[in-house]
file protein.txt (compact mmCIF, C-alpha atoms)
# COMPACT_ATOMS: atom_id res chain seq x y z
CA MET M 1 0.00 0.00 0.00
CA GLU M 2 1.38 3.35 -1.03
CA ASN M 3 1.47 6.28 1.37
CA ASN M 4 0.31 9.54 -0.19
CA SER M 5 1.33 11.79 2.70
CA ASN M 6 3.10 14.13 0.27
CA SER M 7 -0.06 14.89 -1.70
CA PRO M 8 -1.90 18.07 -0.70
CA ALA M 9 -5.07 17.64 1.31
CA VAL M 10 -8.23 18.65 -0.49
CA ALA M 11 -10.81 20.26 1.75
CA PRO M 12 -14.31 18.98 1.05
CA GLN M 13 -16.77 21.50 -0.34
CA PRO M 14 -19.56 22.34 2.09
CA ALA M 15 -22.72 20.56 1.08
CA ARG M 16 -25.45 22.69 -0.45
CA PRO M 17 -28.83 21.91 1.12
CA VAL M 18 -31.34 20.29 -1.22
CA PHE M 19 -33.90 23.00 -0.44
CA LEU M 20 -31.45 25.73 -1.52
CA THR M 21 -30.70 23.78 -4.69
CA VAL M 22 -34.42 23.55 -5.51
CA LEU M 23 -34.92 27.28 -4.87
CA CYS M 24 -31.97 28.12 -7.13
CA ILE M 25 -33.29 25.91 -9.93
CA LEU M 26 -36.72 27.54 -9.65
CA THR M 27 -34.99 30.92 -9.79
CA PHE M 28 -33.03 29.89 -12.90
CA ILE M 29 -36.28 28.91 -14.61
CA GLY M 30 -38.30 31.95 -13.50
CA SER M 31 -35.55 34.46 -14.24
CA SER M 32 -34.89 32.95 -17.67
CA ILE M 33 -38.59 33.22 -18.51
CA GLY M 34 -38.52 36.83 -17.27
CA ILE M 35 -35.53 37.71 -19.44
CA ILE M 36 -36.98 36.08 -22.55
CA GLY M 37 -40.42 37.60 -21.92
CA GLY M 38 -38.93 41.04 -21.35
CA ILE M 39 -36.96 40.88 -24.59
CA ILE M 40 -40.06 39.77 -26.51
CA ASN M 41 -42.11 42.57 -24.91
CA TYR M 42 -39.47 45.12 -25.82
CA ILE M 43 -39.30 43.97 -29.44
CA SER M 44 -43.08 43.70 -29.91
CA ALA M 45 -44.08 46.80 -27.91
CA LYS M 46 -45.60 48.63 -30.87
CA THR M 47 -47.73 45.65 -31.92
CA ALA M 48 -48.84 45.03 -28.33
CA ALA M 49 -49.82 48.69 -27.89
CA GLU M 50 -51.89 48.57 -31.07
CA LEU M 51 -53.64 45.38 -29.92
CA VAL M 52 -54.45 46.93 -26.54
CA LYS M 53 -55.76 50.07 -28.23
CA THR M 54 -58.01 48.05 -30.59
CA ALA M 55 -59.33 45.89 -27.75
CA THR M 56 -59.97 48.99 -25.62
CA GLU M 57 -61.90 50.70 -28.41
CA ASP M 58 -64.03 47.58 -28.96
CA ALA M 59 -64.77 47.29 -25.25
CA GLN M 60 -65.61 51.02 -25.06
CA GLN M 61 -68.14 50.64 -27.87
CA LYS M 62 -69.78 47.71 -26.10
CA LEU M 63 -69.94 49.72 -22.88
CA GLU M 64 -71.63 52.61 -24.63
CA ALA M 65 -74.19 50.25 -26.20
CA GLY M 66 -75.28 48.89 -22.82
CA ASP M 67 -76.28 51.08 -19.88
CA ASN M 68 -76.05 49.50 -16.45
CA GLY M 69 -74.44 50.04 -13.03
CA ALA M 70 -71.23 48.22 -13.98
CA ASN M 71 -70.30 50.95 -16.48
CA LYS M 72 -68.55 53.14 -13.88
CA LEU M 73 -66.30 50.31 -12.76
CA ALA M 74 -65.64 49.30 -16.35
CA GLU M 75 -64.79 52.90 -17.29
CA LYS M 76 -62.30 53.07 -14.41
CA MET M 77 -60.71 49.85 -15.63
CA MET M 78 -60.61 51.20 -19.17
CA SER M 79 -58.79 54.35 -18.03
CA GLY M 80 -56.18 52.08 -16.42
CA ILE M 81 -55.44 50.55 -19.81
CA GLU M 82 -54.57 53.89 -21.42
CA PRO M 83 -50.88 53.93 -20.33
CA MET M 84 -50.54 50.42 -21.77
CA GLN M 85 -51.37 51.78 -25.21
CA ASN M 86 -48.06 53.62 -25.33
CA PRO M 87 -45.20 51.52 -26.80
CA GLU M 88 -42.63 53.50 -24.81
CA ASN M 89 -44.30 52.51 -21.53
CA ILE M 90 -44.28 48.87 -22.62
CA ARG M 91 -40.59 49.10 -23.53
CA LYS M 92 -39.77 50.79 -20.23
CA ASN M 93 -41.56 48.02 -18.31
CA ALA M 94 -39.76 45.40 -20.41
CA LEU M 95 -36.36 46.92 -19.54
CA PHE M 96 -37.21 46.82 -15.83
CA ARG M 97 -38.33 43.21 -16.24
CA VAL M 98 -35.08 42.20 -17.97
CA ALA M 99 -32.91 44.09 -15.44
CA GLY M 100 -34.75 42.57 -12.48
CA SER M 101 -34.62 39.10 -13.99
CA LEU M 102 -30.90 39.39 -14.74
CA LEU M 103 -30.19 40.37 -11.14
CA THR M 104 -32.33 37.56 -9.71
CA LEU M 105 -30.65 35.09 -12.09
CA LEU M 106 -27.23 36.33 -10.99
CA GLY M 107 -28.37 36.03 -7.37
CA GLY M 108 -29.54 32.47 -7.96
CA ILE M 109 -26.25 31.52 -9.59
CA LEU M 110 -24.24 33.05 -6.74
CA MET M 111 -26.38 31.39 -4.08
CA PHE M 112 -26.06 28.09 -5.94
CA SER M 113 -22.30 28.62 -5.41
CA LEU M 114 -23.07 29.37 -1.73
CA ARG M 115 -22.12 33.05 -2.00
CA LYS M 116 -23.91 35.51 0.30
CA ILE M 117 -23.82 38.37 -2.17
CA GLY M 118 -26.27 36.40 -4.32
CA PHE M 119 -28.95 36.92 -1.69
CA TRP M 120 -28.54 40.70 -1.93
CA SER M 121 -28.52 40.57 -5.72
CA TYR M 122 -31.76 38.60 -5.62
CA ILE M 123 -33.38 41.19 -3.34
CA LEU M 124 -32.26 44.06 -5.59
CA GLY M 125 -33.62 42.27 -8.67
CA THR M 126 -36.94 41.70 -6.93
CA ILE M 127 -37.21 45.37 -5.96
CA ILE M 128 -36.49 46.46 -9.54
CA ALA M 129 -39.05 44.01 -10.94
CA VAL M 130 -41.72 45.23 -8.50
CA ALA M 131 -40.98 48.91 -9.18
CA GLY M 132 -41.01 48.49 -12.98
CA PRO M 133 -44.79 48.53 -13.59
CA PHE M 134 -45.19 51.53 -11.26
CA VAL M 135 -42.54 53.50 -13.10
CA ALA M 136 -43.69 52.45 -16.56
CA PHE M 137 -47.48 52.72 -16.18
CA GLY M 138 -47.92 55.00 -13.16
CA ALA M 139 -48.60 54.35 -9.50
CA GLY M 140 -52.36 54.67 -9.93
CA ASN M 141 -52.67 52.19 -12.77
CA ILE M 142 -54.78 49.20 -11.71
CA PHE M 143 -52.91 46.80 -13.98
CA GLY M 144 -49.53 48.08 -12.78
CA ILE M 145 -50.64 47.61 -9.19
CA LEU M 146 -51.89 44.09 -9.91
CA SER M 147 -48.70 43.13 -11.75
CA SER M 148 -46.48 44.58 -9.02
CA SER M 149 -48.52 42.87 -6.31
CA ILE M 150 -48.04 39.46 -7.88
CA LEU M 151 -44.31 40.09 -8.36
CA ALA M 152 -44.00 41.38 -4.79
CA PHE M 153 -45.78 38.34 -3.35
CA LEU M 154 -43.56 35.88 -5.24
CA GLY M 155 -40.43 37.93 -4.56
CA ILE M 156 -41.09 38.17 -0.83
CA LEU M 157 -41.92 34.47 -0.68
CA PHE M 158 -38.60 33.56 -2.31
CA VAL M 159 -36.63 36.05 -0.19
CA VAL M 160 -38.10 34.47 2.95
CA LEU M 161 -37.33 30.97 1.66
CA TYR M 162 -33.78 31.98 0.70
CA SER M 163 -33.29 33.62 4.11
CA LEU M 164 -33.97 30.23 5.71
CA ASN M 165 -30.79 29.05 3.93
CA PHE M 166 -28.77 32.22 4.58
CA LYS M 167 -26.64 30.45 7.20
CA TYR M 168 -25.20 28.16 4.49
CA LEU M 169 -23.99 31.08 2.36
CA LYS M 170 -20.43 32.34 2.71

call {"tool": "encode", "arguments": {"input": "protein.txt", "output": "structure tokens"}}
result
Amino acid sequence: MENNSNSPAVAPQPARPVFLTVLCILTFIGSSIGIIGGIINYISAKTAAELVKTATEDAQQKLEAGDNGANKLAEKMMSGIEPMQNPENIRKNALFRVAGSLLTLLGGILMFSLRKIGFWSYILGTIIAVAGPFVAFGAGNIFGILSSSILAFLGILFVVLYSLNFKYLK
């Protein structure tokens, strides 16, 4: 039997918890979808704005044809769609979506490598993604509020889940 006492000792890598691995994989998937979706939204902003405008005009005509108590609520909803008819607003929201998704993807990659800075990158990306619809469509826009609320819920959920694994990050 040969003695390998002259060979350098290799320190074992700390084990990554399975739960952290699953969270990182979910982040890779979600962030990749966000990046791709943001790029598609940016490229097709003009077409999307035209579609929203056409659909809004059709809905407005139907509202005017019927006269009932739901018209006031529907008119408020219709006014919330107006900022979404502007291609520049759609592009601005798409840029926020891509930037936020890139930062959350970077955070996921860094946390997969057990690096603490990935947690902070993930939080920053989440904040940018949540702020995007407010900046692009206005703070009073019902659809911006709804979109940001969903992003905030998912972002906070993942931040809490990642914080449970914070002790494993270096």

call {"tool": "closest_residue", "arguments": {"input": "protein.txt", "among": "M:Ile145, M:Ile117, M:Val160, M:Val135", "to": "Leu103 of chain M", "atoms": "only C-alpha atoms"}}
result
M:Ile117

call {"tool": "atom_distance", "arguments": {"input": "protein.txt", "atom1": "atom CA of Ala48 of chain M", "atom2": "atom CA of Asn86 of chain M"}}
result
9.1 Å

call {"tool": "closest_residue", "arguments": {"input": "protein.txt", "among": "M:Val18, M:Ile33, M:Asn41, M:Leu169", "to": "Ser113 of chain M", "atoms": "all atoms listed in the file"}}
result
M:Leu169

call {"tool": "atom_distance", "arguments": {"input": "protein.txt", "atom1": "atom CA of Phe166 of chain M", "atom2": "atom CA of Val22 of chain M"}}
result
14.5 Å

call {"tool": "atom_distance", "arguments": {"input": "protein.txt", "atom1": "atom CA of Leu154 of chain M", "atom2": "atom CA of Gln85 of chain M"}}
result
26.7 Å

call {"tool": "closest_residue", "arguments": {"input": "protein.txt", "among": "M:Ala152, M:Lys46, M:Ile36, M:Phe134", "to": "Ser101 of chain M", "atoms": "only C-alpha atoms"}}
result
M:Ile36
